[in-house]
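Trainee: My structure file model_15.cif, mmCIF, C-alpha atoms, is below:
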```cif
data_input
#
loop_
_atom_site.label_atom_id
_atom_site.label_comp_id
_atom_site.auth_asym_id
_atom_site.auth_seq_id
_atom_site.Cartn_x
_atom_site.Cartn_y
_atom_site.Cartn_z
CA MET K 1 -28.52 -14.90 -46.38
CA ARG K 2 -27.86 -11.23 -46.59
CA ARG K 3 -25.50 -9.75 -44.20
CA PHE K 4 -25.09 -6.15 -43.33
CA THR K 5 -21.52 -5.18 -42.98
CA ILE K 6 -20.27 -2.17 -41.11
CA ASN K 7 -16.74 -1.17 -41.26
CA VAL K 8 -15.59 0.47 -38.11
CA CYS K 9 -12.38 2.33 -38.09
CA VAL K 10 -10.79 2.49 -34.75
CA ALA K 11 -8.08 4.92 -34.10
CA VAL K 12 -5.65 3.38 -31.75
CA VAL K 13 -3.64 5.81 -29.83
CA VAL K 14 -0.55 4.27 -28.39
CA ILE K 15 1.09 6.18 -25.67
CA THR K 16 4.63 5.15 -25.12
CA THR K 17 7.09 6.31 -22.60
CA ALA K 18 10.79 5.82 -22.72
CA GLN K 19 10.83 4.75 -19.08
CA PRO K 20 8.29 4.26 -16.30
CA MET K 21 6.93 7.52 -14.98
CA LYS K 22 8.43 8.55 -11.66
CA ALA K 23 6.81 11.21 -9.54
CA GLU K 24 8.84 13.67 -7.58
CA GLY K 25 9.50 12.68 -3.98
CA LEU K 26 8.89 14.54 -0.76
CA HIS K 27 10.94 17.71 -0.62
CA ALA K 28 11.18 20.96 1.28
CA VAL K 29 9.41 23.91 -0.31
CA ARG K 30 10.61 26.62 2.08
CA PRO K 31 11.98 26.94 5.62
CA LEU K 32 9.58 27.57 8.47
CA PRO K 33 10.74 30.75 10.22
CA GLY K 34 10.51 30.79 14.00
CA TYR K 35 11.14 27.10 14.42
CA ALA K 36 14.21 24.93 15.07
CA CYS K 37 14.94 21.21 15.16
CA MET K 38 15.39 19.68 18.58
CA MET K 39 15.64 16.04 19.60
CA LEU K 40 14.28 13.96 22.42
CA ASN K 41 16.45 13.81 25.50
CA LEU K 42 16.82 10.04 25.36
CA THR K 43 19.73 7.66 25.02
CA ASP K 44 20.18 5.75 21.80
CA ALA K 45 18.74 2.61 23.36
CA GLN K 46 15.73 4.52 24.72
CA MET K 47 15.25 6.21 21.36
CA ARG K 48 14.83 2.83 19.68
CA ASP K 49 12.68 1.28 22.38
CA ASN K 50 9.17 1.19 20.95
CA SER K 51 7.63 0.53 24.36
CA LEU K 52 8.89 3.86 25.69
CA VAL K 53 6.82 6.83 24.56
CA VAL K 54 7.08 10.58 25.07
CA PRO K 55 3.54 11.96 25.11
CA VAL K 56 2.50 15.24 23.55
CA TYR K 57 -0.49 17.25 24.69
CA ALA K 58 -3.00 19.65 23.19
CA GLY K 59 -1.93 22.39 25.63
CA PRO K 60 0.80 23.13 28.17
CA SER K 61 -0.52 20.72 30.80
CA THR K 62 -1.33 17.06 31.07
CA ALA K 63 -4.93 18.05 31.76
CA SER K 64 -5.23 19.48 28.24
CA GLY K 65 -5.38 15.99 26.83
CA ARG K 66 -2.82 13.73 25.26
CA VAL K 67 -2.86 13.86 21.48
CA GLY K 68 -0.02 11.53 20.57
CA ASN K 69 3.67 10.77 20.94
CA ALA K 70 6.78 12.72 20.00
CA SER K 71 9.10 11.50 17.26
CA ALA K 72 12.89 11.47 17.62
CA ILE K 73 13.38 14.92 16.11
CA VAL K 74 10.78 17.58 16.83
CA ILE K 75 10.12 21.00 15.33
CA ALA K 76 10.18 23.34 18.31
CA LYS K 77 9.22 27.00 18.52
CA SER K 78 12.40 29.08 18.48
CA PRO K 79 13.29 30.61 20.80
CA LEU K 80 11.85 27.81 22.87
CA HIS K 81 8.39 28.70 24.12
CA VAL K 82 7.89 27.09 27.52
CA VAL K 83 4.72 27.38 29.56
CA ASN K 84 4.18 25.48 32.78
CA GLY K 85 7.18 23.26 32.02
CA PHE K 86 5.85 22.36 28.54
CA ALA K 87 7.47 23.41 25.28
CA GLU K 88 5.51 24.29 22.15
CA ILE K 89 6.26 22.08 19.13
CA LEU K 90 4.81 21.57 15.65
CA PHE K 91 3.42 18.11 15.05
CA PRO K 92 3.98 16.43 11.63
CA ASN K 93 0.27 16.87 10.89
CA GLY K 94 0.62 20.63 11.33
CA ALA K 95 -0.99 20.91 14.77
CA THR K 96 0.61 22.87 17.59
CA VAL K 97 1.20 20.52 20.50
CA TRP K 98 3.14 20.57 23.73
CA VAL K 99 5.76 18.29 25.22
CA GLU K 100 7.53 18.36 28.56
CA ALA K 101 10.45 20.75 28.05
CA LYS K 102 12.80 18.50 30.00
CA MET K 103 12.33 15.85 27.33
CA LEU K 104 14.03 18.04 24.71
CA ARG K 105 17.67 18.77 23.97
CA PRO K 106 19.49 20.60 21.18
CA TYR K 107 19.76 18.81 17.88
CA HIS K 108 23.09 17.06 17.34
CA SER K 109 24.13 14.04 15.30
CA GLU K 110 26.57 11.55 16.83
CA SER K 111 27.89 10.37 13.50
CA ASN K 112 27.79 13.55 11.46
CA PRO K 113 29.16 16.79 12.90
CA ASN K 114 28.02 18.62 9.78
CA ALA K 115 24.45 17.40 10.10
CA HIS K 116 21.78 19.99 9.57
CA CYS K 117 18.06 20.02 10.12
CA THR K 118 15.80 22.80 8.88
CA PRO K 119 12.12 22.86 9.80
CA SER K 120 10.39 23.27 6.47
CA LEU K 121 7.08 23.38 4.72
CA MET K 122 7.11 20.23 2.63
CA SER K 123 5.78 19.47 -0.82
CA ASN K 124 2.83 17.64 0.76
CA GLY K 125 1.78 20.83 2.51
CA LYS K 126 2.83 19.63 5.93
CA PRO K 127 5.74 20.56 8.21
CA GLY K 128 8.80 18.40 7.83
CA LEU K 129 12.57 18.17 8.03
CA GLY K 130 14.60 19.68 5.21
CA MET Y 1 -4.10 3.19 -37.50
CA ASN Y 2 -5.68 -0.23 -37.12
CA GLU Y 3 -8.84 -1.25 -38.93
CA CYS Y 4 -11.41 -3.43 -37.30
CA ARG Y 5 -14.23 -5.05 -39.34
CA VAL Y 6 -17.42 -5.71 -37.46
CA GLU Y 7 -20.19 -7.78 -39.03
CA LEU Y 8 -23.66 -7.30 -37.68
CA LEU Y 9 -26.51 -9.75 -38.30
CA PRO Y 10 -29.66 -7.75 -37.69
CA THR Y 11 -32.29 -10.22 -36.55
CA ALA Y 12 -35.30 -8.83 -38.46
CA GLY Y 13 -33.41 -8.60 -41.71
CA MET Y 14 -32.05 -12.10 -41.32
CA ILE Y 15 -35.49 -13.54 -40.64
CA ARG Y 16 -36.97 -11.92 -43.71
CA CYS Y 17 -34.17 -13.16 -45.94
CA THR Y 18 -34.47 -16.67 -44.57
CA LEU Y 19 -38.23 -17.05 -44.85
CA ILE Y 20 -38.26 -16.58 -48.57
CA ARG Y 21 -36.12 -19.70 -48.88
CA VAL Y 22 -38.55 -22.07 -47.22
CA TYR Y 23 -41.63 -23.51 -48.85
CA GLY Y 24 -45.16 -24.69 -48.14
CA SER Y 25 -46.09 -25.65 -44.60
CA ARG Y 26 -42.54 -25.06 -43.46
CA ILE Y 27 -43.17 -21.36 -43.87
CA MET Y 28 -45.78 -21.46 -41.14
CA ALA Y 29 -43.57 -23.54 -38.87
CA VAL Y 30 -40.73 -21.11 -39.17
CA ALA Y 31 -43.02 -18.13 -38.79
CA ALA Y 32 -44.55 -19.61 -35.66
CA ALA Y 33 -41.15 -20.15 -34.22
CA ALA Y 34 -40.24 -16.59 -35.10
CA ILE Y 35 -43.12 -15.01 -33.23
CA THR Y 36 -42.61 -16.95 -30.03
CA GLY Y 37 -39.87 -14.64 -28.98
CA GLY Y 38 -36.17 -14.16 -28.80
CA LEU Y 39 -35.28 -17.60 -27.48
CA ALA Y 40 -37.10 -19.24 -30.40
CA PHE Y 41 -35.23 -16.97 -32.77
CA GLU Y 42 -32.01 -18.09 -31.28
CA SER Y 43 -32.94 -21.78 -31.59
CA VAL Y 44 -34.08 -21.48 -35.14
CA PHE Y 45 -31.08 -19.61 -36.29
CA GLY Y 46 -28.44 -21.42 -34.32
CA GLN Y 47 -27.71 -18.81 -31.67
CA VAL Y 48 -28.08 -20.66 -28.38
CA PRO Y 49 -27.66 -18.80 -25.09
CA GLN Y 50 -24.97 -20.21 -22.86
CA THR Y 51 -24.60 -20.10 -19.11
CA LEU Y 52 -21.22 -18.76 -18.08
CA SER Y 53 -19.23 -21.32 -16.15
CA GLY Y 54 -16.40 -19.79 -14.13
CA ALA Y 55 -14.66 -16.52 -14.86
CA PRO Y 56 -14.84 -15.01 -18.34
CA VAL Y 57 -11.93 -15.66 -20.63
CA GLN Y 58 -9.11 -13.41 -19.53
CA VAL Y 59 -6.67 -11.58 -21.72
CA GLN Y 60 -3.33 -13.27 -21.32
CA PRO Y 61 -0.67 -10.67 -22.11
CA TYR Y 62 2.50 -12.12 -23.54
CA VAL Y 63 4.44 -8.87 -23.49
CA PRO Y 64 4.50 -7.09 -20.10
CA GLU Y 65 3.65 -3.42 -20.32
CA PRO Y 66 5.92 -1.09 -18.31
CA GLY Y 67 4.15 0.20 -15.23
CA VAL Y 68 1.21 -2.17 -15.44
CA PRO Y 69 1.10 -4.81 -12.69
CA LEU Y 70 0.63 -8.43 -13.66
CA ILE Y 71 -2.71 -9.64 -12.35
CA THR Y 72 -3.65 -13.29 -12.44
CA ILE Y 73 -7.32 -14.01 -11.95
CA THR Y 74 -8.09 -17.54 -10.90
CA PRO Y 75 -11.71 -18.64 -11.21
CA GLY Y 76 -13.33 -18.93 -7.81
CA THR Y 77 -10.95 -16.65 -5.93
CA PRO Y 78 -12.30 -13.71 -3.99
CA ASP Y 79 -12.15 -10.18 -5.35
CA PRO Y 80 -8.45 -9.31 -5.27
CA PHE Y 81 -9.30 -5.65 -4.62
CA PRO Y 82 -12.06 -5.83 -2.05
CA ILE Y 83 -11.18 -2.54 -0.45
CA GLY Y 84 -11.26 -0.31 -3.44
CA ASP Y 85 -9.21 -0.06 -6.56
CA ALA Y 86 -9.48 2.96 -8.74
CA THR Y 87 -8.55 0.99 -11.83
CA ALA Y 88 -10.73 -2.01 -11.24
CA SER Y 89 -13.81 -0.15 -10.13
CA GLY Y 90 -13.58 2.79 -12.42
CA ASP Y 91 -13.70 5.04 -9.41
CA SER Y 92 -11.73 8.16 -10.07
CA ALA Y 93 -12.57 9.88 -6.84
CA GLY Y 94 -9.27 9.34 -5.17
CA THR Y 95 -9.29 5.80 -3.97
CA GLY Y 96 -6.47 3.54 -4.91
CA GLY Y 97 -3.33 5.12 -6.12
CA ASP Y 98 -0.46 3.04 -7.24
CA GLY Y 99 2.03 5.03 -5.30
CA ASN Y 100 4.80 6.51 -7.31
CA GLY Y 101 5.03 9.49 -5.07
CA GLY Y 102 8.46 8.77 -3.64
CA GLY Y 103 7.89 9.70 -0.06
CA GLU Y 104 4.63 11.54 -0.44
CA THR Y 105 2.01 10.42 1.97
CA GLY Y 106 -0.31 7.99 0.23
CA SER Y 107 -3.97 8.65 -0.27
CA GLY Y 108 -7.04 6.54 -0.66
CA THR Y 109 -7.49 3.02 0.49
CA ALA Y 110 -5.79 0.40 -1.59
CA GLY Y 111 -4.78 -0.52 -5.03
CA SER Y 112 -3.15 -3.08 -7.18
CA SER Y 113 0.59 -3.49 -7.12
CA THR Y 114 3.28 -5.70 -8.49
CA ALA Y 115 3.85 -6.96 -4.94
CA LEU Y 116 0.22 -8.03 -4.71
CA SER Y 117 0.54 -9.81 -8.03
CA THR Y 118 3.56 -11.66 -6.65
CA MET Y 119 1.67 -12.76 -3.56
CA LEU Y 120 -1.40 -13.78 -5.53
CA ALA Y 121 0.77 -15.90 -7.77
CA GLN Y 122 1.57 -18.13 -4.78
CA PRO Y 123 -0.65 -21.18 -4.17
CA TRP Y 124 -1.71 -19.67 -0.83
CA GLY Y 125 -2.08 -16.09 -2.05
CA ALA Y 126 -5.82 -16.07 -2.63
CA VAL Y 127 -6.54 -17.70 0.74
CA ALA Y 128 -4.32 -15.16 2.48
CA LEU Y 129 -6.19 -12.38 0.75
CA ALA Y 130 -9.51 -13.79 1.93
CA ASN Y 131 -8.20 -14.01 5.50
CA LEU Y 132 -7.05 -10.39 5.41
CA GLN Y 133 -10.34 -8.87 4.39
CA VAL Y 134 -11.56 -8.13 7.91
CA LEU Y 135 -8.32 -6.57 9.16
CA GLU Y 136 -8.53 -3.17 7.41
CA VAL Y 137 -4.97 -3.46 6.16
CA ASN Y 138 -4.16 -2.82 2.52
CA ALA Y 139 -3.45 -6.16 0.85
CA SER Y 140 -0.65 -4.58 -1.19
CA ALA Y 141 1.08 -3.60 2.05
CA ILE Y 142 1.01 -7.20 3.26
CA ALA Y 143 2.20 -8.40 -0.12
CA ALA Y 144 5.09 -5.93 0.00
CA THR Y 145 6.07 -7.38 3.38
CA CYS Y 146 6.35 -10.91 2.05
CA VAL Y 147 8.16 -9.73 -1.08
CA LEU Y 148 10.73 -7.97 1.11
CA ALA Y 149 11.00 -10.75 3.67
CA SER Y 150 11.28 -13.81 1.49
CA GLY Y 151 10.16 -13.12 -2.05
CA CYS Y 152 6.89 -14.66 -0.78
CA GLN Y 153 8.57 -18.06 -0.38
CA ASN Y 154 7.74 -20.13 2.69
CA ILE Y 155 11.18 -20.48 4.24
CA ALA Y 156 11.97 -22.71 7.23
CA ALA Y 157 13.85 -21.27 10.20
CA PRO Y 158 17.63 -21.67 10.05
CA SER Y 159 19.37 -23.43 12.89
CA GLY Y 160 19.33 -21.37 16.08
CA SER Y 161 16.61 -19.03 14.90
CA THR Y 162 12.82 -18.94 15.01
CA VAL Y 163 12.49 -16.58 12.06
CA SER Y 164 10.52 -18.44 9.43
CA GLY Y 165 7.72 -18.45 6.91
CA ALA Y 166 6.90 -16.28 3.98
CA PHE Y 167 6.77 -13.27 6.30
CA GLN Y 168 9.88 -14.23 8.30
CA MET Y 169 8.44 -13.69 11.76
CA THR Y 170 9.88 -14.81 15.06
CA ASN Y 171 7.85 -17.16 17.23
CA ALA Y 172 7.34 -14.44 19.83
CA THR Y 173 6.14 -11.79 17.39
CA TYR Y 174 3.92 -14.26 15.57
CA THR Y 175 2.29 -15.51 18.76
CA SER Y 176 1.70 -12.01 20.06
CA ASP Y 177 0.23 -10.78 16.78
CA ILE Y 178 -2.05 -13.78 16.28
CA LYS Y 179 -3.31 -13.38 19.83
CA ALA Y 180 -4.13 -9.73 19.14
CA VAL Y 181 -5.88 -10.58 15.87
CA LEU Y 182 -8.06 -13.28 17.40
CA ALA Y 183 -8.95 -11.06 20.33
CA GLU Y 184 -10.45 -8.56 17.90
CA ASN Y 185 -11.68 -11.05 15.29
CA PRO Y 186 -12.59 -14.34 17.01
CA SER Y 187 -14.41 -15.56 13.89
CA LEU Y 188 -11.08 -15.79 12.06
CA SER Y 189 -9.96 -18.69 14.24
CA SER Y 190 -11.78 -21.23 12.08
CA GLN Y 191 -9.82 -20.09 9.03
CA LEU Y 192 -6.36 -20.10 10.57
CA THR Y 193 -3.93 -22.92 11.25
CA PRO Y 194 -3.73 -23.12 15.08
CA GLY Y 195 -0.57 -22.86 17.15
CA LEU Y 196 2.93 -22.20 15.92
CA ALA Y 197 2.25 -24.44 12.93
CA GLY Y 198 0.37 -21.45 11.56
CA LYS Y 199 3.65 -19.65 11.06
CA MET Y 200 4.50 -22.11 8.30
CA ASP Y 201 1.08 -21.68 6.74
CA PRO Y 202 1.61 -18.46 4.78
CA ALA Y 203 -2.12 -17.73 4.61
CA THR Y 204 -2.17 -17.77 8.41
CA GLU Y 205 1.16 -16.00 8.91
CA ALA Y 206 -0.13 -13.25 6.61
CA VAL Y 207 -2.76 -12.44 9.21
CA ALA Y 208 -0.10 -12.03 11.91
CA ALA Y 209 1.99 -9.91 9.56
CA ALA Y 210 -1.04 -7.73 8.89
CA GLN Y 211 -1.51 -7.18 12.60
CA ASP Y 212 2.16 -6.22 12.89
CA LEU Y 213 1.80 -3.69 10.08
CA LYS Y 214 -1.33 -2.32 11.68
CA THR Y 215 0.55 -1.79 14.93
CA ALA Y 216 3.33 0.04 13.08
CA ALA Y 217 0.93 2.24 11.16
CA THR Y 218 -1.08 3.07 14.27
CA SER Y 219 2.11 4.01 16.10
CA LEU Y 220 3.11 6.32 13.25
CA GLN Y 221 -0.33 7.90 13.30
CA SER Y 222 0.05 8.64 17.00
CA SER Y 223 3.26 10.47 16.09
CA GLY Y 224 1.39 12.73 13.68
CA ILE Y 225 1.91 10.85 10.41
CA SER Y 226 -1.64 11.02 9.12
CA ASN Y 227 -1.77 8.20 6.60
CA PRO Y 228 1.32 5.98 6.94
CA THR Y 229 2.55 4.32 3.80
CA VAL Y 230 4.38 1.03 3.36
CA LEU Y 231 7.57 3.07 3.00
CA ASP Y 232 6.89 4.85 6.30
CA THR Y 233 6.53 1.53 8.09
CA ARG Y 234 9.89 0.39 6.73
CA GLY Y 235 11.44 3.28 8.66
CA TYR Y 236 9.55 2.12 11.73
CA TYR Y 237 10.81 -1.46 11.36
CA ASN Y 238 14.38 -0.59 10.46
CA PHE Y 239 15.03 2.21 12.92
CA GLY Y 240 12.28 2.13 15.57
CA SER Y 241 8.97 3.92 15.95
CA ARG Y 242 10.39 7.35 16.83
CA TYR Y 243 12.78 7.39 13.89
CA GLY Y 244 10.10 5.95 11.64
CA ALA Y 245 8.04 9.07 12.21
CA THR Y 246 11.08 11.29 11.73
CA LEU Y 247 11.97 9.68 8.39
CA ALA Y 248 8.36 9.87 7.21
CA GLN Y 249 8.44 13.68 7.32
CA ALA Y 250 11.94 14.15 5.93
CA SER Y 251 12.96 15.59 2.60
CA ASP Y 252 14.41 13.26 -0.02
CA ASP Y 253 17.68 15.21 -0.06
CA GLN Y 254 18.22 14.98 3.68
CA ASN Y 255 21.14 12.90 4.88
CA MET Y 256 20.18 9.76 6.79
CA SER Y 257 22.85 10.41 9.41
CA SER Y 258 21.22 13.80 10.11
CA LEU Y 259 17.91 12.13 10.83
CA LEU Y 260 19.25 9.30 12.97
CA PRO Y 261 21.23 11.50 15.37
CA THR Y 262 21.79 8.92 18.10
CA TYR Y 263 23.12 6.29 15.67
CA SER Y 264 26.87 5.85 15.56
CA SER Y 265 28.68 5.42 12.26
CA SER Y 266 28.99 1.68 12.86
CA GLN Y 267 25.30 1.35 13.64
CA LEU Y 268 24.45 3.17 10.46
CA ALA Y 269 26.81 0.95 8.48
CA ALA Y 270 25.16 -2.14 9.96
CA ASN Y 271 21.91 -0.86 8.50
CA GLY Y 272 23.47 -0.28 5.10
CA ILE Y 273 23.63 3.50 5.57
CA THR Y 274 26.80 5.24 4.44
CA PRO Y 275 27.77 8.78 5.53
CA THR Y 276 26.39 10.11 2.25
CA THR Y 277 23.19 8.10 1.97
CA THR Y 278 20.19 10.37 1.53
CA VAL Y 279 16.61 9.69 2.53
CA GLY Y 280 15.69 9.62 -1.14
CA GLN Y 281 18.29 6.93 -1.84
CA TRP Y 282 17.08 4.88 1.10
CA ARG Y 283 13.48 5.22 -0.11
CA GLN Y 284 14.47 4.25 -3.63
CA SER Y 285 16.26 1.14 -2.33
CA ILE Y 286 12.95 -0.03 -0.89
CA ILE Y 287 10.92 1.02 -3.91
CA ALA Y 288 13.32 -1.01 -6.06
CA LYS Y 289 12.34 -4.11 -4.09
CA ILE Y 290 8.60 -3.68 -3.69
CA GLY Y 291 7.70 -1.37 -6.56
CA ASN Y 292 4.49 0.58 -6.57
CA ALA Y 293 3.30 -0.82 -3.25
CA ALA Y 294 5.86 1.37 -1.46
CA ASN Y 295 3.78 4.51 -1.38
CA GLN Y 296 0.43 2.91 -0.78
CA PRO Y 297 -1.26 3.51 2.57
CA VAL Y 298 -1.05 0.64 5.05
CA LEU Y 299 -4.47 1.08 6.58
CA SER Y 300 -7.57 0.68 4.48
CA GLY Y 301 -10.23 1.29 7.10
#
```
Please express what this file holds, its structure, as structure tokens.
Mentor:
Amino acid sequence: MRRFTINVCVAVVVITTAQPMKAEGLHAVRPLPGYACMMLNLTDAQMRDNSLVVPVYAGPSTASGRVGNASAIVIAKSPLHVVNGFAEILFPNGATVWVEAKMLRPYHSESNPNAHCTPSLMSNGKPGLG
Amino acid sequence: MNECRVELLPTAGMIRCTLIRVYGSRIMAVAAAAITGGLAFESVFGQVPQTLSGAPVQVQPYVPEPGVPLITITPGTPDPFPIGDATASGDSAGTGGDGNGGGETGSGTAGSSTALSTMLAQPWGAVALANLQVLEVNASAIAATCVLASGCQNIAAPSGSTVSGAFQMTNATYTSDIKAVLAENPSLSSQLTPGLAGKMDPATEAVAAAQDLKTAATSLQSSGISNPTVLDTRGYYNFGSRYGATLAQASDDQNMSSLLPTYSSSQLAANGITPTTTVGQWRQSIIAKIGNAANQPVLSG
């Protein structure tokens, strides 16, 4: 029986790395001028109570529609922009939303007097805390 | 460079060569067989079609490759990546993502992970995966939970505690989560172990754990975190929903004590946070435990 033989040369490219690739983590790209960190005016126990929420709204009134809940530290317009008892803040998704101004207080860390918080544009293109 | 020799047996050429070796009436017999079609060719020349029984033979790597998750495929198990896997499906349009972003918000739906491989290596892993398919929660996220909680081992509750199972849930949390799952997916009831006994059936407890993760991810979404990752939900579980959202948008070089402003030094220490611990270090401590599942999105829907 006659057999046809084909020789196939396969170039094998081996890519090696000295260590597993690690992408860069979330980081601040630049500060966001006109904004400052503030925190919710809650006690420590209230802050960690998942059943207690501080709603944020699309506009400076409850009638504007609730769009979510505030996190512990918020990025507030600075100087504070209050309309109808609601303060303007920047949501983590980049939207401008409003929260009751009485629910905010200046940023301060109990455990770290040197703590800092800078509203920043983050490497994922969203506002964040640098 | 490696050389690979491939031998081809072209059918027509083989037939011609073979016919000249047969004589008399046998020539006609062979020729008749040859013109009846491919199957006759195969019979005459010893190439018999086979029906595949079970999964194809799998490559069994004996040297693990850095960065490549170990996947064990057991014949008869459901698709381990039912909700999209860029690698498995060949889809390069942004689904999947093995999550090495270190705090970046995950994208896509789901993907393989070393955590998922760990869960699938358990006797109950494939059943758990099948149970999870209707819940729109990334299987890798569930797997990461069991890896973190127990190394995916079904552990009984210690004396004085109700925390048990591969996902280490309390009786109260488990009962609440299962109730929520069955309210939305009544058809699942036939697949789950009823009552609290289900907590010691990892394939059932996985469903409750998935509901818990879904709740955490949904809460983070309502706080403006668009596509919560497994890492983001760890912040939610460790420090509460409000701080979970805060940590999710923080820079790697931020100090943890700056982002948990109502925590006292002793409270931070109880959570393994020193005065100098950064967000990046905290994230890396989780990534070290669950690997590339850390930055995968929790929700797959």
Trainee: Got a sec: who's within 6 Å of region 44-60 of chain K, counting all atoms listed in the file, leaving out chain neighbours fewer than 3 positions off, as a PyMOL selection string?
Mentor: (chain K and resi 64-70+83+86+97-99) or (chain Y and resi 240-241+262)
Trainee: Identify the residues within 10 Å of coordinate (-0.2, -13.9, 10.0) (same frame as the file), considering only C-alpha atoms, and give the answer as a PyMOL selection string.
Mentor: chain Y and resi 128+131-132+142+165-167+169+173-175+177-178+181+192-193+198-212
Trainee: Written as a list in words, what is the full residue list that the PyMOL selection byres ((chain Y and resi 245-252) around 6) yields on the file shown?
Mentor: Leu26, His27, Ala28, Ser71, Gly128, Leu129 and Gly130 of chain K; Leu220, Asp232, Arg242, Tyr243, Gly244, Asp253, Gln254, Val279 and Gly280 of chain Y
Trainee: Running the PyMOL selection byres ((chain K and resi 33) around 9) on this model by hand, what would come out? Give it as a PyMOL selection string.
Mentor: chain K and resi 31-32+34-36+78+119-120
Trainee: What's the separation between CA of Ala269 (chain Y) and CA of Trp282 (chain Y), in Å to one decimal place?
Mentor: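 CA of Trp282 (chain Y) lies at a distance of 12.8 Å from CA of Ala269 (chain Y).
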